[in-house]
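Here's run.txt, which has compact mmCIF, C-alpha atoms and all ligand atoms:
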```txt
# COMPACT_ATOMS: atom_id res chain seq x y z
CA MET A 1 0.00 0.00 0.00
CA THR A 2 1.33 3.43 -0.90
CA ASN A 3 0.75 6.77 0.74
CA LYS A 4 2.82 8.60 -1.85
CA TYR A 5 1.64 11.50 -4.03
CA MET A 6 0.95 9.85 -7.38
CA TYR A 7 0.22 11.13 -10.89
CA PHE A 8 -2.40 9.53 -13.13
CA ILE A 9 -2.15 10.96 -16.61
CA ALA A 10 -4.66 9.98 -19.28
CA ASN A 11 -3.38 10.05 -22.84
CA TRP A 12 -6.42 9.92 -25.09
CA LYS A 13 -4.27 9.94 -28.25
CA MET A 14 -6.40 10.57 -31.39
CA PHE A 15 -9.64 9.43 -29.77
CA GLY A 16 -12.70 11.32 -28.64
CA ASP A 17 -15.24 13.89 -29.71
CA LEU A 18 -17.52 16.31 -27.85
CA ARG A 19 -19.83 13.48 -26.80
CA THR A 20 -16.92 11.56 -25.27
CA LEU A 21 -16.58 14.32 -22.68
CA ASN A 22 -19.67 12.89 -20.95
CA SER A 23 -17.45 10.04 -19.83
CA LEU A 24 -15.67 12.53 -17.55
CA ASP A 25 -18.69 12.83 -15.27
CA LYS A 26 -17.85 9.59 -13.42
CA VAL A 27 -14.24 10.68 -12.91
CA ILE A 28 -15.29 14.15 -11.74
CA LYS A 29 -17.63 12.58 -9.21
CA PHE A 30 -14.86 10.25 -8.05
CA SER A 31 -12.31 13.08 -7.81
CA LYS A 32 -14.59 15.00 -5.46
CA ILE A 33 -14.66 12.20 -2.92
CA ASN A 34 -11.15 10.91 -3.59
CA LYS A 35 -8.96 11.48 -0.52
CA ARG A 36 -5.90 9.75 -1.98
CA LYS A 37 -2.84 11.95 -2.53
CA SER A 38 -3.08 12.10 -6.30
CA LYS A 39 -2.96 14.37 -9.34
CA LEU A 40 -5.24 13.54 -12.26
CA ILE A 41 -4.43 14.99 -15.67
CA TYR A 42 -6.25 14.43 -18.97
CA CYS A 43 -4.44 14.91 -22.27
CA PRO A 44 -7.14 14.85 -24.96
CA PRO A 45 -6.73 15.71 -28.65
CA ASN A 46 -6.30 19.47 -29.25
CA THR A 47 -9.93 19.79 -30.38
CA LEU A 48 -11.10 18.88 -26.88
CA ILE A 49 -8.71 20.92 -24.74
CA ARG A 50 -11.02 23.94 -24.43
CA PRO A 51 -14.30 22.15 -23.81
CA MET A 52 -12.62 19.70 -21.46
CA SER A 53 -10.99 22.53 -19.47
CA LYS A 54 -14.40 24.15 -19.08
CA ARG A 55 -15.95 20.90 -17.95
CA LEU A 56 -13.18 20.40 -15.37
CA GLN A 57 -13.16 24.02 -14.20
CA LYS A 58 -14.44 23.41 -10.68
CA THR A 59 -12.42 20.26 -10.13
CA LYS A 60 -8.79 19.54 -9.30
CA ILE A 61 -8.33 17.57 -12.53
CA GLU A 62 -6.00 19.32 -14.96
CA VAL A 63 -5.67 19.25 -18.74
CA GLY A 64 -2.65 18.72 -20.97
CA ALA A 65 -1.83 18.53 -24.66
CA GLN A 66 -0.12 15.70 -26.57
CA ASN A 67 2.36 17.51 -28.81
CA CYS A 68 3.00 20.91 -30.36
CA HIS A 69 4.89 22.73 -33.09
CA VAL A 70 8.44 23.67 -32.22
CA SER A 71 7.93 27.43 -32.61
CA ASP A 72 6.47 29.39 -29.73
CA SER A 73 5.42 32.25 -31.96
CA TYR A 74 2.81 32.41 -34.71
CA GLY A 75 3.93 31.40 -38.19
CA ALA A 76 3.02 29.99 -41.57
CA PHE A 77 2.85 26.34 -40.46
CA THR A 78 -0.33 24.92 -41.91
CA GLY A 79 -2.06 22.44 -39.65
CA SER A 80 0.16 23.14 -36.66
CA VAL A 81 -0.51 24.48 -33.19
CA ASN A 82 2.15 25.87 -30.86
CA SER A 83 2.55 25.59 -27.09
CA LYS A 84 1.36 29.15 -26.44
CA MET A 85 -1.89 28.44 -28.26
CA LEU A 86 -2.39 25.25 -26.25
CA LYS A 87 -1.80 27.14 -23.00
CA ASN A 88 -4.28 29.75 -24.14
CA VAL A 89 -7.09 27.21 -24.48
CA GLY A 90 -6.48 25.57 -21.11
CA ALA A 91 -3.54 23.17 -21.30
CA LYS A 92 -1.24 23.17 -18.27
CA TYR A 93 0.85 20.17 -19.29
CA ILE A 94 2.15 18.74 -22.53
CA ILE A 95 3.35 15.27 -23.52
CA LEU A 96 6.55 15.51 -25.58
CA GLY A 97 8.79 12.80 -26.97
CA HIS A 98 6.03 10.20 -27.11
CA SER A 99 7.19 7.07 -28.93
CA GLU A 100 4.36 7.36 -31.45
CA ASN A 101 5.83 10.73 -32.46
CA ARG A 102 9.41 9.48 -32.30
CA GLN A 103 8.37 6.69 -34.66
CA GLU A 104 7.11 9.30 -37.09
CA GLY A 105 10.56 10.84 -37.17
CA GLU A 106 10.79 13.24 -34.23
CA SER A 107 14.46 13.48 -33.32
CA ASP A 108 15.90 14.11 -29.86
CA LYS A 109 16.99 17.53 -31.10
CA LEU A 110 13.48 18.46 -32.22
CA ILE A 111 12.05 17.17 -28.93
CA ASN A 112 14.56 19.33 -27.06
CA LEU A 113 13.51 22.42 -28.98
CA LYS A 114 9.83 21.65 -28.37
CA ILE A 115 10.46 21.20 -24.64
CA ARG A 116 12.24 24.54 -24.47
CA SER A 117 9.47 26.28 -26.35
CA ALA A 118 6.75 24.69 -24.19
CA ILE A 119 8.55 25.67 -20.96
CA LYS A 120 8.75 29.23 -22.29
CA SER A 121 4.98 29.14 -22.84
CA GLY A 122 4.46 28.10 -19.22
CA LEU A 123 3.53 24.46 -19.73
CA LYS A 124 4.74 21.58 -17.58
CA ILE A 125 6.38 18.82 -19.56
CA ILE A 126 5.65 15.10 -19.56
CA PHE A 127 8.85 13.96 -21.24
CA CYS A 128 8.58 10.43 -22.66
CA ILE A 129 11.59 8.18 -23.06
CA GLY A 130 11.98 4.48 -23.73
CA GLU A 131 13.79 1.81 -25.67
CA THR A 132 12.61 -0.32 -28.58
CA LEU A 133 12.41 -4.10 -28.32
CA LYS A 134 15.54 -4.46 -30.45
CA GLU A 135 17.45 -2.10 -28.18
CA LYS A 136 16.24 -4.02 -25.14
CA ARG A 137 17.31 -7.34 -26.65
CA ASN A 138 20.71 -5.86 -27.45
CA LYS A 139 21.00 -4.76 -23.80
CA ARG A 140 21.13 -1.12 -24.81
CA THR A 141 18.29 0.16 -22.60
CA ASN A 142 20.44 2.31 -20.29
CA GLN A 143 22.45 3.70 -23.17
CA VAL A 144 19.26 4.67 -25.04
CA LEU A 145 17.65 6.25 -21.99
CA SER A 146 20.83 8.16 -21.20
CA ASN A 147 21.06 9.45 -24.74
CA GLN A 148 17.40 10.50 -24.85
CA ILE A 149 17.78 12.37 -21.55
CA ASN A 150 21.06 14.05 -22.51
CA LYS A 151 19.81 15.20 -25.89
CA GLY A 152 16.18 15.84 -25.02
CA LEU A 153 17.01 17.99 -22.00
CA LYS A 154 20.17 19.60 -23.39
CA SER A 155 20.74 23.15 -22.10
CA ILE A 156 17.64 23.04 -19.89
CA ARG A 157 18.97 24.11 -16.50
CA ASN A 158 15.74 24.39 -14.56
CA LYS A 159 14.10 21.00 -14.73
CA SER A 160 11.49 21.69 -12.07
CA ASP A 161 8.67 21.66 -14.63
CA ILE A 162 9.66 18.33 -16.11
CA ILE A 163 8.12 14.97 -15.33
CA VAL A 164 9.75 11.95 -16.97
CA ALA A 165 7.57 9.13 -18.29
CA TYR A 166 9.44 5.90 -18.87
CA GLU A 167 7.54 4.18 -21.66
CA PRO A 168 9.24 1.24 -23.37
CA PHE A 169 8.17 1.31 -27.05
CA TRP A 170 7.39 -2.38 -26.98
CA SER A 171 5.01 -2.02 -24.08
CA ILE A 172 2.77 0.69 -25.52
CA GLY A 173 -0.58 -0.70 -26.61
CA THR A 174 0.70 -4.30 -26.59
CA GLY A 175 -0.61 -5.52 -23.25
CA ILE A 176 2.95 -6.41 -22.26
CA ILE A 177 4.63 -4.76 -19.29
CA PRO A 178 8.28 -5.07 -18.21
CA LYS A 179 9.33 -7.59 -15.59
CA SER A 180 9.38 -5.88 -12.19
CA LYS A 181 13.14 -6.34 -11.82
CA ASP A 182 13.79 -4.71 -15.20
CA LEU A 183 11.42 -1.85 -14.45
CA ILE A 184 13.09 -1.19 -11.09
CA LYS A 185 16.47 -1.12 -12.84
CA SER A 186 15.32 1.38 -15.49
CA VAL A 187 13.54 3.65 -13.02
CA ASN A 188 16.60 3.69 -10.75
CA PHE A 189 18.86 4.33 -13.70
CA ILE A 190 16.75 7.34 -14.73
CA LYS A 191 16.61 8.63 -11.16
CA ASN A 192 20.38 8.36 -10.69
CA LYS A 193 21.00 10.08 -14.00
CA PHE A 194 19.52 13.26 -12.52
CA GLY A 195 21.73 13.22 -9.42
CA SER A 196 20.49 14.86 -6.25
CA LYS A 197 17.32 16.38 -7.74
CA PRO A 198 15.53 13.66 -9.69
CA PRO A 199 12.23 14.55 -11.38
CA LYS A 200 8.98 12.69 -10.83
CA ILE A 201 9.21 9.45 -12.80
CA LEU A 202 6.12 7.81 -14.23
CA TYR A 203 5.69 4.47 -15.92
CA GLY A 204 3.64 4.14 -19.10
CA GLY A 205 2.86 1.17 -21.34
CA SER A 206 -0.26 -1.04 -21.18
CA VAL A 207 -1.16 -0.04 -17.62
CA ASN A 208 -4.57 -1.53 -16.80
CA ASN A 209 -6.74 -2.36 -13.83
CA GLN A 210 -5.21 -5.86 -13.60
CA ASN A 211 -1.48 -5.27 -13.88
CA ILE A 212 -1.65 -2.19 -11.61
CA SER A 213 -1.48 -4.56 -8.64
CA GLN A 214 2.03 -5.49 -9.77
CA LEU A 215 3.11 -2.04 -10.98
CA LYS A 216 2.12 -0.23 -7.80
CA ASN A 217 4.80 -2.15 -5.92
CA ILE A 218 7.66 -0.55 -7.87
CA SER A 219 8.71 1.95 -5.23
CA GLY A 220 10.55 4.47 -7.45
CA ILE A 221 7.49 5.20 -9.57
CA ASP A 222 5.57 8.43 -8.95
CA GLY A 223 2.58 7.62 -11.12
CA PHE A 224 1.38 6.34 -14.47
CA LEU A 225 0.82 7.56 -18.02
CA ILE A 226 -2.17 5.62 -19.23
CA GLY A 227 -3.31 5.32 -22.85
CA GLY A 228 -6.00 2.80 -23.80
CA ALA A 229 -7.36 2.17 -20.30
CA SER A 230 -7.83 5.89 -19.64
CA GLN A 231 -10.63 6.11 -22.19
CA ASP A 232 -12.85 4.00 -19.95
CA PRO A 233 -13.68 6.01 -16.80
CA LYS A 234 -14.39 2.86 -14.78
CA LYS A 235 -11.01 1.36 -15.62
CA PHE A 236 -9.23 4.67 -14.98
CA ILE A 237 -10.85 5.02 -11.54
CA ASP A 238 -10.12 1.38 -10.79
CA ILE A 239 -6.43 1.90 -11.57
CA ILE A 240 -6.32 4.85 -9.17
CA LYS A 241 -8.11 2.99 -6.39
CA LYS A 242 -6.01 -0.15 -6.77
CA THR A 243 -2.77 1.84 -6.65
CA TYR A 244 -3.53 2.68 -3.02
CA ASN A 245 -4.91 -0.69 -1.90
C1 LIG B 301 0.68 5.89 -24.05
O1 LIG B 301 0.19 6.11 -25.15
O2 LIG B 301 1.38 6.75 -23.50
C2 LIG B 301 0.39 4.60 -23.44
C3 LIG B 301 1.02 4.29 -22.34
O3 LIG B 301 -0.52 3.80 -24.06
P1 LIG B 301 -1.13 2.40 -23.54
O4 LIG B 301 -1.46 2.58 -22.08
O5 LIG B 301 -2.33 2.19 -24.37
O6 LIG B 301 -0.07 1.38 -23.74
```

Full structure transcribed into structure tokens:
Amino acid sequence: MTNKYMYFIANWKMFGDLRTLNSLDKVIKFSKINKRKSKLIYCPPNTLIRPMSKRLQKTKIEVGAQNCHVSDSYGAFTGSVNSKMLKNVGAKYIILGHSENRQEGESDKLINLKIRSAIKSGLKIIFCIGETLKEKRNKRTNQVLSNQINKGLKSIRNKSDIIVAYEPFWSIGTGIIPKSKDLIKSVNFIKNKFGSKPPKILYGGSVNNQNISQLKNISGIDGFLIGGASQDPKKFIDIIKKTYN
């Protein structure tokens, strides 16, 4: 059983429309009676940031975005939205470096520039890192994580607005989670990499209301980034409750 302050971040990816917001009612109700030391954050698609923020206005649940353009000023970038615009419509957090974006070609350098621009806009960063299955099999996990941290956070002195989400590529959306001993090793490695002031470290990748009973026992973890299961309010609430049982 934990008594720690834990983050539960819902990544809705490219799912949801205005009607989907009704599913928040259950979570709002739960959050009002929830006495557990926890922070709930929803990261919906950009189209839902404003209406979701309004819906969550009188609650402690916060809203975040899932990615942004690298520039923090306006520009001729058709189809793009920058961090300032996301802040303006209600986002307080932003996921950057997600493996689904890395897979589409986002480099560590680009992620670094996006992080800097989002910090400038006043957003808190959920910085995703993680190795591929091939890298894991080649025993390169630590090397990959180290590289992603060095490059992604290059020249960022004040890291107080950064939360790290360790999300192995091979675990996202697959139903497979790391063995506890491997997860402990990676979380400790990340923590040690930051020296005396480590950030909050979350785990993400196929978290559900079954495997949470195992994941909650990994002591170095400060919360979870939850994709698929976060779209079902019952499962999301169940994950939160079970984390503290
Ligand atoms: C994610 O997209 O960040 C994620 C962890 O997804 P899932 O929980 O569906 O694996």

By how many Å are atom CA of Asn208 of chain A and atom CA of Pro233 of chain A apart?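 That distance, rounded to one decimal, is 11.8 Å.
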
Closest to ligand LIG 301 (chain B) among A:Lys120, A:Lys235, A:Lys159, A:Arg36, using only C-alpha atoms and all ligand atoms?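 Between A:Lys120, A:Lys235, A:Lys159, A:Arg36, the residue approaching ligand LIG 301 (chain B) most closely is A:Lys235.
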
Within 10 Å of ligand LIG 301 (chain B), counting all atoms listed in the file: which residues, as a PyMOL selection string? chain A and resi 9-13+66+95+98-100+128+165-177+203-208+224-231

Interatomic distance between atom CA of Cys68 of chain A and atom CA of Lys54 of chain A?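 Taking atom CA of Cys68 of chain A as the start and atom CA of Lys54 of chain A as the end point, the length is 21.0 Å.
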
Would you please work out which residue, of A:Leu56, A:Ile111, A:Val187, A:Leu123, is nearest to Val27 of chain A when using only C-alpha atoms?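 So, comparing all the options, the nearest one is A:Leu56.
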
May I ask for the distance between atom CA of Lys109 of chain A and atom CA of Asn67 of chain A, given in Å to one decimal place? 14.8 Å
